[in-house]
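Shown below: final_8.cif, with mmCIF, C-alpha atoms and all ligand atoms.
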data_protein
#
loop_
_atom_site.label_atom_id
_atom_site.label_comp_id
_atom_site.auth_asym_id
_atom_site.auth_seq_id
_atom_site.Cartn_x
_atom_site.Cartn_y
_atom_site.Cartn_z
CA ASN C 175 25.59 59.70 -85.45
CA THR C 176 27.99 62.53 -86.17
CA SER C 177 29.60 60.97 -89.24
CA ALA C 178 26.36 61.28 -91.23
CA LEU C 179 26.41 65.01 -90.56
CA ASN C 180 30.09 65.53 -91.20
CA HIS C 181 29.52 66.96 -94.63
CA LEU C 182 27.40 69.73 -93.12
CA LEU C 183 30.18 71.12 -91.01
CA PRO C 184 31.90 74.22 -92.32
CA ILE C 185 35.40 73.00 -91.58
CA LYS C 186 38.73 74.59 -92.36
CA PRO C 187 41.12 71.66 -92.06
CA CYS C 188 44.01 73.21 -93.95
CA LYS C 189 47.05 71.05 -93.41
CA THR C 190 50.27 72.94 -93.12
CA THR C 191 53.64 71.64 -93.97
CA THR C 192 57.05 73.16 -93.77
CA THR C 193 59.11 72.19 -96.72
CA THR C 194 62.37 73.50 -97.97
CA PRO C 195 61.76 75.88 -100.83
CA THR C 196 61.28 73.91 -104.03
CA THR C 197 63.42 74.48 -107.08
CA ILE C 198 61.78 76.55 -109.75
CA PHE C 199 61.49 74.53 -112.92
CA THR C 200 62.66 76.57 -115.86
CA ALA C 201 62.53 73.75 -118.41
CA THR C 202 58.77 73.30 -118.97
CA PRO C 203 58.58 72.16 -122.61
CA GLU C 204 56.68 74.65 -124.75
CA VAL C 205 54.56 73.48 -127.64
CA ASP C 206 53.20 75.74 -130.36
CA LEU C 207 50.59 73.59 -132.09
CA SER C 208 51.15 75.31 -135.43
CA HIS C 209 54.90 74.73 -135.39
CA PRO C 210 56.23 71.86 -137.53
CA GLU C 211 58.27 70.54 -134.57
CA ALA C 212 55.26 70.49 -132.21
CA LYS C 213 54.82 66.73 -132.38
CA THR C 214 58.44 65.98 -131.56
CA VAL C 215 58.59 68.38 -128.62
CA MET C 216 55.27 67.06 -127.30
CA VAL C 217 56.20 63.39 -127.44
CA LYS C 218 59.55 64.03 -125.76
CA ALA C 219 57.81 66.06 -123.03
CA CYS C 220 55.27 63.28 -122.43
CA ARG C 221 58.05 60.71 -122.06
CA ASP C 222 60.29 62.90 -119.90
CA TYR C 223 57.74 64.62 -117.65
CA GLY C 224 54.13 63.79 -118.64
CA PHE C 225 53.79 67.56 -118.68
CA PHE C 226 54.18 70.49 -121.07
CA LYS C 227 52.59 73.79 -121.97
CA ILE C 228 50.75 75.05 -125.01
CA ILE C 229 51.66 78.53 -126.16
CA ASN C 230 50.03 80.62 -128.92
CA HIS C 231 46.86 78.55 -128.52
CA GLY C 232 44.32 80.95 -129.97
CA VAL C 233 41.76 80.64 -127.16
CA PRO C 234 40.54 84.24 -126.80
CA PHE C 235 42.04 85.85 -123.71
CA ASP C 236 38.76 87.68 -123.08
CA LEU C 237 36.96 84.37 -122.69
CA ILE C 238 39.58 83.13 -120.22
CA ALA C 239 39.47 86.39 -118.26
CA ASP C 240 35.65 86.38 -118.26
CA LEU C 241 35.52 82.90 -116.80
CA GLU C 242 38.15 83.76 -114.20
CA ASN C 243 36.12 86.80 -113.14
CA HIS C 244 32.87 84.85 -112.89
CA ALA C 245 34.68 82.23 -110.82
CA LEU C 246 36.19 84.84 -108.49
CA ASN C 247 32.83 86.47 -108.11
CA PHE C 248 31.28 83.17 -107.16
CA PHE C 249 33.97 82.14 -104.69
CA ASN C 250 34.12 85.58 -103.10
CA HIS C 251 30.46 85.39 -102.08
CA PRO C 252 30.49 83.27 -98.94
CA HIS C 253 26.73 83.30 -98.67
CA SER C 254 25.97 82.15 -102.18
CA SER C 255 22.89 79.92 -102.12
CA VAL C 256 24.75 77.32 -104.16
CA LYS C 257 27.33 76.89 -101.42
CA HIS C 258 24.65 76.40 -98.81
CA MET C 259 22.71 73.93 -100.89
CA HIS C 260 25.85 71.96 -101.30
CA MET C 261 26.67 71.88 -97.64
CA ALA C 262 23.56 69.70 -97.46
CA ALA C 263 24.13 67.76 -100.68
CA PRO C 264 24.72 64.03 -100.46
CA PRO C 265 28.42 63.31 -99.93
CA HIS C 266 28.50 60.39 -102.38
CA ASP C 267 28.27 62.70 -105.42
CA PRO C 268 31.74 64.28 -105.70
CA PHE C 269 30.47 66.87 -108.19
CA GLY C 270 29.11 70.32 -107.50
CA TYR C 271 30.50 72.73 -104.94
CA GLY C 272 33.05 71.69 -102.36
CA SER C 273 35.44 73.21 -99.89
CA ASN C 274 38.34 71.72 -97.97
CA ARG C 275 37.36 68.16 -98.70
CA ILE C 276 38.59 66.44 -101.85
CA GLY C 277 36.86 63.26 -102.96
CA SER C 278 34.94 61.25 -100.40
CA ASN C 279 37.69 59.37 -98.62
CA GLY C 280 39.00 61.87 -96.13
CA ASP C 281 41.41 63.90 -98.25
CA VAL C 282 41.54 67.54 -97.27
CA GLY C 283 43.03 70.59 -98.91
CA CYS C 284 42.96 74.32 -98.60
CA VAL C 285 40.76 74.79 -101.63
CA GLU C 286 37.24 75.67 -102.63
CA TYR C 287 35.97 74.32 -105.92
CA LEU C 288 33.25 73.67 -108.45
CA LEU C 289 33.43 70.29 -110.16
CA LEU C 290 31.15 69.66 -113.11
CA ASN C 291 30.50 66.98 -115.70
CA THR C 292 30.82 68.49 -119.15
CA ASN C 293 28.75 66.01 -121.12
CA PRO C 294 25.04 66.89 -120.78
CA HIS C 295 24.20 63.19 -121.26
CA LEU C 296 26.32 62.14 -118.30
CA ILE C 297 25.55 64.82 -115.79
CA SER C 298 25.43 64.06 -112.06
CA PRO C 299 22.65 65.52 -109.84
CA ASN C 300 25.04 67.93 -108.11
CA SER C 301 26.48 69.16 -111.43
CA LEU C 302 22.97 69.85 -112.64
CA LEU C 303 22.05 71.65 -109.46
CA ILE C 304 25.03 73.99 -109.85
CA LEU C 305 24.28 74.76 -113.47
CA HIS C 306 20.76 75.77 -112.50
CA GLN C 307 21.88 77.98 -109.65
CA ILE C 308 24.74 80.02 -111.07
CA PRO C 309 24.04 83.24 -113.00
CA MET C 310 23.10 82.70 -116.63
CA LEU C 311 26.07 84.72 -117.87
CA PHE C 312 28.48 82.59 -115.84
CA ARG C 313 26.88 79.45 -117.31
CA CYS C 314 27.20 80.76 -120.88
CA VAL C 315 30.87 81.65 -120.46
CA LEU C 316 31.47 78.27 -118.83
CA GLU C 317 29.86 76.43 -121.73
CA GLU C 318 31.84 78.38 -124.30
CA TYR C 319 35.10 77.79 -122.44
CA ILE C 320 34.40 74.08 -122.07
CA GLY C 321 33.78 73.92 -125.84
CA GLU C 322 37.21 75.46 -126.42
CA MET C 323 38.82 72.98 -124.01
CA LYS C 324 37.28 69.99 -125.77
CA LYS C 325 38.70 71.31 -129.07
CA MET C 326 42.11 71.90 -127.51
CA CYS C 327 42.14 68.39 -126.04
CA CYS C 328 41.43 66.89 -129.46
CA GLU C 329 44.02 69.06 -131.21
CA VAL C 330 46.69 68.12 -128.69
CA LEU C 331 45.85 64.42 -129.00
CA GLU C 332 46.00 64.59 -132.82
CA VAL C 333 49.46 66.10 -132.74
CA MET C 334 50.45 63.51 -130.16
CA ALA C 335 49.25 60.60 -132.31
CA GLU C 336 51.24 61.98 -135.22
CA GLY C 337 54.32 62.32 -133.01
CA LEU C 338 53.91 58.70 -131.95
CA GLY C 339 53.92 57.69 -135.60
CA ILE C 340 50.30 56.48 -135.55
CA VAL C 341 48.77 56.62 -139.03
CA GLU C 342 45.18 57.07 -137.85
CA LYS C 343 45.11 60.79 -137.07
CA ASN C 344 42.27 60.58 -134.57
CA ALA C 345 43.30 57.35 -132.83
CA LEU C 346 43.62 59.23 -129.51
CA SER C 347 41.41 62.26 -130.07
CA LYS C 348 38.33 60.18 -130.87
CA VAL C 349 38.45 58.80 -127.34
CA VAL C 350 37.85 62.20 -125.73
CA GLY C 351 35.98 63.74 -128.65
CA GLY C 352 33.30 61.05 -128.86
CA GLU C 353 29.67 61.74 -128.10
CA LYS C 354 29.78 59.75 -124.87
CA ASN C 355 33.05 61.15 -123.49
CA ASP C 356 33.10 61.34 -119.71
CA SER C 357 35.08 64.57 -119.30
CA CYS C 358 34.80 66.96 -116.42
CA PHE C 359 35.72 70.49 -115.50
CA ARG C 360 37.00 71.98 -112.28
CA LEU C 361 37.33 75.53 -110.99
CA ASN C 362 39.67 75.75 -107.99
CA HIS C 363 40.02 78.73 -105.68
CA TYR C 364 42.98 78.70 -103.32
CA PRO C 365 42.93 81.45 -100.71
CA ALA C 366 46.14 83.36 -100.15
CA ALA C 367 48.30 82.16 -97.26
CA THR C 368 48.00 84.33 -94.15
CA THR C 369 50.90 86.54 -93.15
CA THR C 370 51.60 84.35 -90.09
CA GLU C 371 51.98 81.29 -92.28
CA ALA C 372 54.12 83.25 -94.71
CA ALA C 373 56.29 84.55 -91.87
CA GLU C 374 56.77 81.02 -90.57
CA GLU C 375 57.54 79.90 -94.11
CA LYS C 376 54.80 77.32 -93.91
CA MET C 377 53.19 76.14 -97.06
CA LEU C 378 49.54 75.18 -97.15
CA VAL C 379 48.56 72.06 -98.99
CA GLY C 380 46.03 73.33 -101.50
CA PHE C 381 45.64 70.10 -103.41
CA GLY C 382 47.70 67.11 -102.30
CA GLU C 383 49.87 65.03 -104.61
CA HIS C 384 48.04 62.87 -107.13
CA THR C 385 47.88 61.84 -110.75
CA ASP C 386 44.81 62.50 -112.91
CA PRO C 387 42.90 59.35 -113.87
CA GLN C 388 41.71 60.63 -117.28
CA ILE C 389 43.55 60.88 -120.63
CA ILE C 390 44.87 64.43 -120.53
CA SER C 391 44.08 67.49 -118.43
CA VAL C 392 44.21 71.06 -119.72
CA LEU C 393 44.97 73.55 -116.95
CA ARG C 394 45.00 77.30 -116.90
CA SER C 395 45.73 79.35 -113.80
CA ASN C 396 46.01 83.01 -112.95
CA ASN C 397 49.40 84.56 -112.36
CA THR C 398 49.89 82.85 -108.97
CA SER C 399 52.45 80.18 -108.20
CA GLY C 400 51.64 76.94 -106.40
CA LEU C 401 51.61 74.17 -108.99
CA GLN C 402 54.39 71.63 -108.55
CA ILE C 403 55.22 68.50 -110.48
CA CYS C 404 57.24 65.48 -109.48
CA LEU C 405 60.14 64.60 -111.79
CA ASN C 406 61.16 61.01 -112.57
CA ASP C 407 63.87 61.08 -109.88
CA GLY C 408 61.23 61.95 -107.26
CA THR C 409 62.13 65.62 -106.79
CA TRP C 410 59.39 68.20 -106.66
CA VAL C 411 59.73 71.37 -108.71
CA SER C 412 57.59 74.53 -108.86
CA ILE C 413 56.08 75.49 -112.15
CA PRO C 414 56.23 79.25 -112.74
CA PRO C 415 52.70 80.47 -113.50
CA ASP C 416 51.89 81.51 -117.04
CA PRO C 417 48.36 82.84 -117.36
CA SER C 418 48.65 83.15 -121.12
CA SER C 419 49.36 79.43 -121.70
CA PHE C 420 47.71 76.11 -120.98
CA PHE C 421 49.48 73.33 -119.09
CA ILE C 422 48.84 69.75 -120.16
CA ASN C 423 49.09 66.76 -117.80
CA VAL C 424 49.32 63.20 -119.05
CA GLY C 425 46.73 61.16 -117.12
CA ASP C 426 46.73 57.51 -116.05
CA SER C 427 44.57 56.44 -119.02
CA LEU C 428 47.07 57.83 -121.53
CA GLN C 429 49.90 56.08 -119.71
CA VAL C 430 48.03 52.82 -120.31
CA MET C 431 47.12 53.63 -123.92
CA THR C 432 50.81 54.22 -124.66
CA ASN C 433 51.76 51.09 -122.67
CA GLY C 434 53.88 53.13 -120.28
CA ARG C 435 55.74 55.19 -122.89
CA PHE C 436 54.11 58.31 -121.45
CA LYS C 437 54.01 58.75 -117.68
CA SER C 438 51.05 60.29 -115.89
CA VAL C 439 52.53 63.18 -113.97
CA LYS C 440 52.30 63.37 -110.19
CA HIS C 441 51.44 66.93 -109.22
CA ARG C 442 50.17 69.02 -106.30
CA VAL C 443 49.38 72.60 -105.34
CA LEU C 444 51.08 74.24 -102.39
CA ALA C 445 49.91 77.72 -101.51
CA GLU C 446 53.16 79.51 -101.04
CA SER C 447 51.85 82.76 -102.34
CA LYS C 448 50.40 85.85 -100.79
CA LYS C 449 47.91 85.92 -103.64
CA THR C 450 44.73 83.98 -104.36
CA ARG C 451 45.19 81.26 -106.94
CA VAL C 452 42.43 80.43 -109.40
CA SER C 453 42.78 77.47 -111.72
CA MET C 454 40.44 75.98 -114.29
CA ILE C 455 41.01 72.45 -115.51
CA TYR C 456 39.38 70.36 -118.19
CA PHE C 457 39.86 66.61 -117.72
CA GLY C 458 39.48 64.80 -121.03
CA GLY C 459 38.01 61.39 -120.27
CA ALA C 460 36.90 58.43 -122.38
CA ALA C 461 33.38 57.03 -122.67
CA LEU C 462 32.45 54.87 -119.70
CA SER C 463 32.39 51.74 -121.88
CA GLU C 464 35.75 52.49 -123.57
CA LYS C 465 38.42 49.82 -123.10
CA ILE C 466 41.55 51.52 -121.82
CA THR C 467 44.25 49.44 -123.42
CA PRO C 468 47.51 50.03 -125.32
CA LEU C 469 46.87 51.26 -128.86
CA LYS C 470 47.34 48.42 -131.34
CA SER C 471 48.85 50.87 -133.80
CA LEU C 472 51.52 51.76 -131.27
CA VAL C 473 52.71 48.48 -129.83
CA SER C 474 54.27 45.71 -131.84
CA LYS C 475 52.55 42.29 -132.03
CA ASP C 476 54.87 40.72 -129.50
CA GLU C 477 54.81 43.63 -127.05
CA GLU C 478 52.67 42.64 -124.09
CA SER C 479 50.37 45.06 -122.34
CA LEU C 480 51.72 46.09 -118.95
CA TYR C 481 48.14 46.37 -117.70
CA LYS C 482 45.10 44.18 -117.16
CA GLU C 483 42.08 44.90 -119.36
CA PHE C 484 39.65 47.45 -117.98
CA THR C 485 37.06 49.98 -119.08
CA TRP C 486 37.09 53.65 -118.12
CA LEU C 487 34.06 52.97 -115.89
CA GLU C 488 35.99 50.26 -114.00
CA TYR C 489 39.02 52.49 -113.61
CA LYS C 490 36.96 55.49 -112.60
CA ASN C 491 35.08 53.50 -109.97
CA ALA C 492 38.33 52.23 -108.51
CA ALA C 493 39.88 55.71 -108.64
CA TYR C 494 36.99 57.37 -106.85
CA LYS C 495 37.29 54.78 -104.07
CA SER C 496 41.00 55.52 -103.62
CA ARG C 497 42.79 58.19 -101.63
CA LEU C 498 44.22 61.14 -103.50
CA ALA C 499 47.88 60.15 -103.15
CA ASP C 500 47.35 56.45 -103.95
CA ASN C 501 49.03 54.85 -106.92
CA ARG C 502 45.76 53.93 -108.61
CA LEU C 503 47.31 52.31 -111.67
CA SER C 504 49.20 49.75 -109.60
CA LEU C 505 45.90 47.89 -109.06
CA PHE C 506 45.73 47.33 -112.80
CA GLU C 507 49.32 46.41 -113.50
CA LYS C 508 50.06 42.86 -114.59
C1 LIG C 601 41.94 64.04 -109.53
C2 LIG C 601 41.62 64.71 -110.89
C3 LIG C 601 40.27 65.44 -110.88
O1 LIG C 601 40.37 66.67 -110.15
C4 LIG C 601 39.16 64.55 -110.25
C5 LIG C 601 39.57 64.29 -108.81
C6 LIG C 601 38.58 63.50 -107.92
C7 LIG C 601 37.73 64.42 -107.03
O2 LIG C 601 38.14 65.53 -106.68
O3 LIG C 601 36.64 63.99 -106.62
C8 LIG C 601 39.44 62.51 -107.09
C9 LIG C 601 40.88 62.61 -107.71
C10 LIG C 601 40.68 63.31 -109.03
C11 LIG C 601 41.54 61.22 -107.86
C12 LIG C 601 41.19 60.17 -106.78
C13 LIG C 601 39.80 60.37 -106.15
C14 LIG C 601 38.90 61.07 -107.15
C15 LIG C 601 39.50 62.73 -105.58
C16 LIG C 601 39.94 61.40 -105.06
C17 LIG C 601 40.42 61.18 -103.85
C18 LIG C 601 37.81 65.21 -110.42
C19 LIG C 601 39.26 63.18 -110.80
O4 LIG C 601 38.65 62.72 -111.74
O5 LIG C 601 40.13 62.43 -110.04
#

Reformat the file's structure so that it appears as structure tokens.
Amino acid sequence: NTSALNHLLPIKPCKTTTTTPTTIFTATPEVDLSHPEAKTVMVKACRDYGFFKIINHGVPFDLIADLENHALNFFNHPHSSVKHMHMAAPPHDPFGYGSNRIGSNGDVGCVEYLLLNTNPHLISPNSLLILHQIPMLFRCVLEEYIGEMKKMCCEVLEVMAEGLGIVEKNALSKVVGGEKNDSCFRLNHYPAATTTEAAEEKMLVGFGEHTDPQIISVLRSNNTSGLQICLNDGTWVSIPPDPSSFFINVGDSLQVMTNGRFKSVKHRVLAESKKTRVSMIYFGGAALSEKITPLKSLVSKDEESLYKEFTWLEYKNAAYKSRLADNRLSLFEK
């Protein structure tokens, strides 16, 4: 039975695609959380794109650089014991170390990653294994960074609630800031495209198109291009890298909580660069038992929910059974 051993094979199934060069998007909305107009800019960005960036955020650059260096160090060691342990890890736990395969349903990408639960109460076996194997210093930096990301997520969601005219300041932030939040963290390492691929103007699919199932995602990458978002009219645009800012994606859960006012942004990573790309993403998720439903304080009494009732656990289970590019929310639309 070869399929049972598939996850042990060190494969390199990088899909290549030749696409016409994508337009560079120069209109990424910029939000300075301390600016009085932050809430207005943010809400408009969430409606128009489901995407914006946070500038002047106050997360120490040294912490960001430290984490990036630890990540590079890890990924640049092909014989790391963690990687080998994970080649043999059960395929049904999507957490831990992975390369080339995304999720468990056959999606592939030219990426190596570490995927970890951030809530110690909700940690999967593979997440735990990783945390026990990586150097202590790496783990400390990781924990500190994750702490900063949780704070940032809450701050963003507070400003957002205010912008939406919701009186309860923490109506959104309490969902990801709660004790039982099911958030996760991902370090992605995209190798540079080879010169042959570059010469042929082929772009490697690093991470195929998808939306994030959670509430919001906070992404930081090094100074390497590759991230693209899909605009409402279906065109794909490249986001110029900005290592000093954080990019925020609206996820499916927030689309539901705003009853479709905000759109979860379809995005992907195409390696079009001659440089290695490193990204670190915090996915702010609700508690498993949380009902993902339009906020009462946002919709009027006679406005009907566009979605069936479901909990984050139900949505997450359905999402993890889907393929990366699937429209996961359509299963829950009324
Ligand atoms: C996309 C957002 C996060 O990276 C992630 C991904 C998860 C995985 O890599 O295992 C999923 C993907 C993501 C959505 C659909 C399913 C699950 C891969 C996949 C095919 C960690 C998440 O929560 O959902």

Selection near C:Glu507, 8 Å with all atoms listed in the file, sequence-local residues under 6 positions removed, as a ChimeraX atom specification
/C:480-482

At most 9 Å is the cut-off: for each residue in stretch 354-390 of chain C with any atom that close to an atom of stretch 486-505 of chain C, write down the nearest atom pair and the distance in Å rounded to one decimal, counting all atoms listed in the file, chain first then increasing number, as JSON lines.
{"residue": "C:Asp356", "atom": "CA", "partner": "C:Trp486", "partner_atom": "CA", "distance": 8.8}
{"residue": "C:Gly382", "atom": "CA", "partner": "C:Leu498", "partner_atom": "CA", "distance": 7.0}
{"residue": "C:Glu383", "atom": "CA", "partner": "C:Ala499", "partner_atom": "CA", "distance": 5.5}
{"residue": "C:His384", "atom": "CA", "partner": "C:Ala499", "partner_atom": "CA", "distance": 4.8}
{"residue": "C:Thr385", "atom": "CA", "partner": "C:Ala499", "partner_atom": "CA", "distance": 7.8}
{"residue": "C:Pro387", "atom": "CA", "partner": "C:Ala493", "partner_atom": "CA", "distance": 7.1}
{"residue": "C:Gln388", "atom": "CA", "partner": "C:Trp486", "partner_atom": "CA", "distance": 8.4}

Practice prompt. Tell me, as a count of residues only, which residues lie within 9 Å of C:Ser391, counting all atoms listed in the file; anything in the same chain fewer than 6 positions away does not count.
Written response: 11

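The smallest atom-to-atom distance between C:Glu322 and any of C:Leu290, C:Gln429, C:Leu444, C:Leu237, using only C-alpha atoms, is found for C:Leu237.
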
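Atom CA of C:Asn230 is positioned 22.8 Å from atom CA of C:Arg360.
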
What separates atom CA of C:Asp236 and atom C7 of ligand LIG 601 (chain C) is a distance of 28.3 Å

As an mmCIF file with C-alpha atoms, keeping the file's coordinate frame, please: the residues near C:Tyr223 (cut-off 9 Å, all atoms listed in the file, same-chain neighbours under 3 positions excluded).
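File produced: out-v3.cif:
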data_model
loop_
_atom_site.group_PDB
_atom_site.id
_atom_site.type_symbol
_atom_site.label_atom_id
_atom_site.label_comp_id
_atom_site.auth_asym_id
_atom_site.auth_seq_id
_atom_site.Cartn_x
_atom_site.Cartn_y
_atom_site.Cartn_z
ATOM 1 C CA THR C 202 58.770 73.300 -118.970
ATOM 2 C CA LYS C 218 59.550 64.030 -125.760
ATOM 3 C CA ALA C 219 57.810 66.060 -123.030
ATOM 4 C CA CYS C 220 55.270 63.280 -122.430
ATOM 5 C CA PHE C 226 54.180 70.490 -121.070
ATOM 6 C CA ILE C 403 55.220 68.500 -110.480
ATOM 7 C CA CYS C 404 57.240 65.480 -109.480
ATOM 8 C CA LEU C 405 60.140 64.600 -111.790
ATOM 9 C CA ASN C 406 61.160 61.010 -112.570
ATOM 10 C CA ASN C 423 49.090 66.760 -117.800
ATOM 11 C CA VAL C 424 49.320 63.200 -119.050
ATOM 12 C CA PHE C 436 54.110 58.310 -121.450
ATOM 13 C CA LYS C 437 54.010 58.750 -117.680
ATOM 14 C CA SER C 438 51.050 60.290 -115.890
ATOM 15 C CA VAL C 439 52.530 63.180 -113.970
#

Can stretch 385-405 of chain C be brought up to N, CA and C atoms and written out as a PDB file, in the frame of the given file?
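Just written: part.pdb:
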ATOM      1  N   THR C 385      47.871  61.829-109.287  1.00  0.00           N
ATOM      2  CA  THR C 385      47.880  61.840-110.750  1.00  0.00           C
ATOM      3  C   THR C 385      46.426  61.939-111.177  1.00  0.00           C
ATOM      4  N   ASP C 386      46.192  62.401-112.407  1.00  0.00           N
ATOM      5  CA  ASP C 386      44.810  62.500-112.910  1.00  0.00           C
ATOM      6  C   ASP C 386      44.445  61.180-113.581  1.00  0.00           C
ATOM      7  N   PRO C 387      43.266  60.652-113.300  1.00  0.00           N
ATOM      8  CA  PRO C 387      42.900  59.350-113.870  1.00  0.00           C
ATOM      9  C   PRO C 387      42.570  59.372-115.367  1.00  0.00           C
ATOM     10  N   GLN C 388      42.203  60.546-115.894  1.00  0.00           N
ATOM     11  CA  GLN C 388      41.710  60.630-117.280  1.00  0.00           C
ATOM     12  C   GLN C 388      42.845  60.521-118.313  1.00  0.00           C
ATOM     13  N   ILE C 389      42.570  60.987-119.547  1.00  0.00           N
ATOM     14  CA  ILE C 389      43.550  60.880-120.630  1.00  0.00           C
ATOM     15  C   ILE C 389      44.540  62.045-120.571  1.00  0.00           C
ATOM     16  N   ILE C 390      44.028  63.252-120.802  1.00  0.00           N
ATOM     17  CA  ILE C 390      44.870  64.430-120.530  1.00  0.00           C
ATOM     18  C   ILE C 390      44.028  65.480-119.796  1.00  0.00           C
ATOM     19  N   SER C 391      44.730  66.376-119.122  1.00  0.00           N
ATOM     20  CA  SER C 391      44.080  67.490-118.430  1.00  0.00           C
ATOM     21  C   SER C 391      44.659  68.775-118.994  1.00  0.00           C
ATOM     22  N   VAL C 392      43.784  69.768-119.193  1.00  0.00           N
ATOM     23  CA  VAL C 392      44.210  71.060-119.720  1.00  0.00           C
ATOM     24  C   VAL C 392      43.983  72.104-118.625  1.00  0.00           C
ATOM     25  N   LEU C 393      45.070  72.652-118.110  1.00  0.00           N
ATOM     26  CA  LEU C 393      44.970  73.550-116.950  1.00  0.00           C
ATOM     27  C   LEU C 393      45.390  74.969-117.294  1.00  0.00           C
ATOM     28  N   ARG C 394      44.608  75.903-116.779  1.00  0.00           N
ATOM     29  CA  ARG C 394      45.000  77.300-116.900  1.00  0.00           C
ATOM     30  C   ARG C 394      44.859  77.925-115.508  1.00  0.00           C
ATOM     31  N   SER C 395      45.858  78.692-115.105  1.00  0.00           N
ATOM     32  CA  SER C 395      45.730  79.350-113.800  1.00  0.00           C
ATOM     33  C   SER C 395      46.044  80.833-113.953  1.00  0.00           C
ATOM     34  N   ASN C 396      45.651  81.595-112.940  1.00  0.00           N
ATOM     35  CA  ASN C 396      46.010  83.010-112.950  1.00  0.00           C
ATOM     36  C   ASN C 396      47.509  83.129-112.635  1.00  0.00           C
ATOM     37  N   ASN C 397      47.949  84.354-112.485  1.00  0.00           N
ATOM     38  CA  ASN C 397      49.400  84.560-112.360  1.00  0.00           C
ATOM     39  C   ASN C 397      49.894  84.316-110.925  1.00  0.00           C
ATOM     40  N   THR C 398      49.533  83.177-110.349  1.00  0.00           N
ATOM     41  CA  THR C 398      49.890  82.850-108.970  1.00  0.00           C
ATOM     42  C   THR C 398      50.597  81.502-108.946  1.00  0.00           C
ATOM     43  N   SER C 399      51.707  81.445-108.242  1.00  0.00           N
ATOM     44  CA  SER C 399      52.450  80.180-108.200  1.00  0.00           C
ATOM     45  C   SER C 399      51.722  79.158-107.324  1.00  0.00           C
ATOM     46  N   GLY C 400      52.238  77.972-107.251  1.00  0.00           N
ATOM     47  CA  GLY C 400      51.640  76.940-106.400  1.00  0.00           C
ATOM     48  C   GLY C 400      51.703  75.554-107.011  1.00  0.00           C
ATOM     49  N   LEU C 401      51.584  75.483-108.349  1.00  0.00           N
ATOM     50  CA  LEU C 401      51.610  74.170-108.990  1.00  0.00           C
ATOM     51  C   LEU C 401      53.027  73.587-108.946  1.00  0.00           C
ATOM     52  N   GLN C 402      53.106  72.328-108.550  1.00  0.00           N
ATOM     53  CA  GLN C 402      54.390  71.630-108.550  1.00  0.00           C
ATOM     54  C   GLN C 402      54.215  70.282-109.232  1.00  0.00           C
ATOM     55  N   ILE C 403      55.258  69.842-109.898  1.00  0.00           N
ATOM     56  CA  ILE C 403      55.220  68.500-110.480  1.00  0.00           C
ATOM     57  C   ILE C 403      56.379  67.681-109.922  1.00  0.00           C
ATOM     58  N   CYS C 404      56.211  66.382-109.987  1.00  0.00           N
ATOM     59  CA  CYS C 404      57.240  65.480-109.480  1.00  0.00           C
ATOM     60  C   CYS C 404      58.016  64.930-110.684  1.00  0.00           C
ATOM     61  N   LEU C 405      59.316  65.097-110.673  1.00  0.00           N
ATOM     62  CA  LEU C 405      60.140  64.600-111.790  1.00  0.00           C
ATOM     63  C   LEU C 405      60.406  63.102-111.591  1.00  0.00           C
TER      64      LEU C 405
END
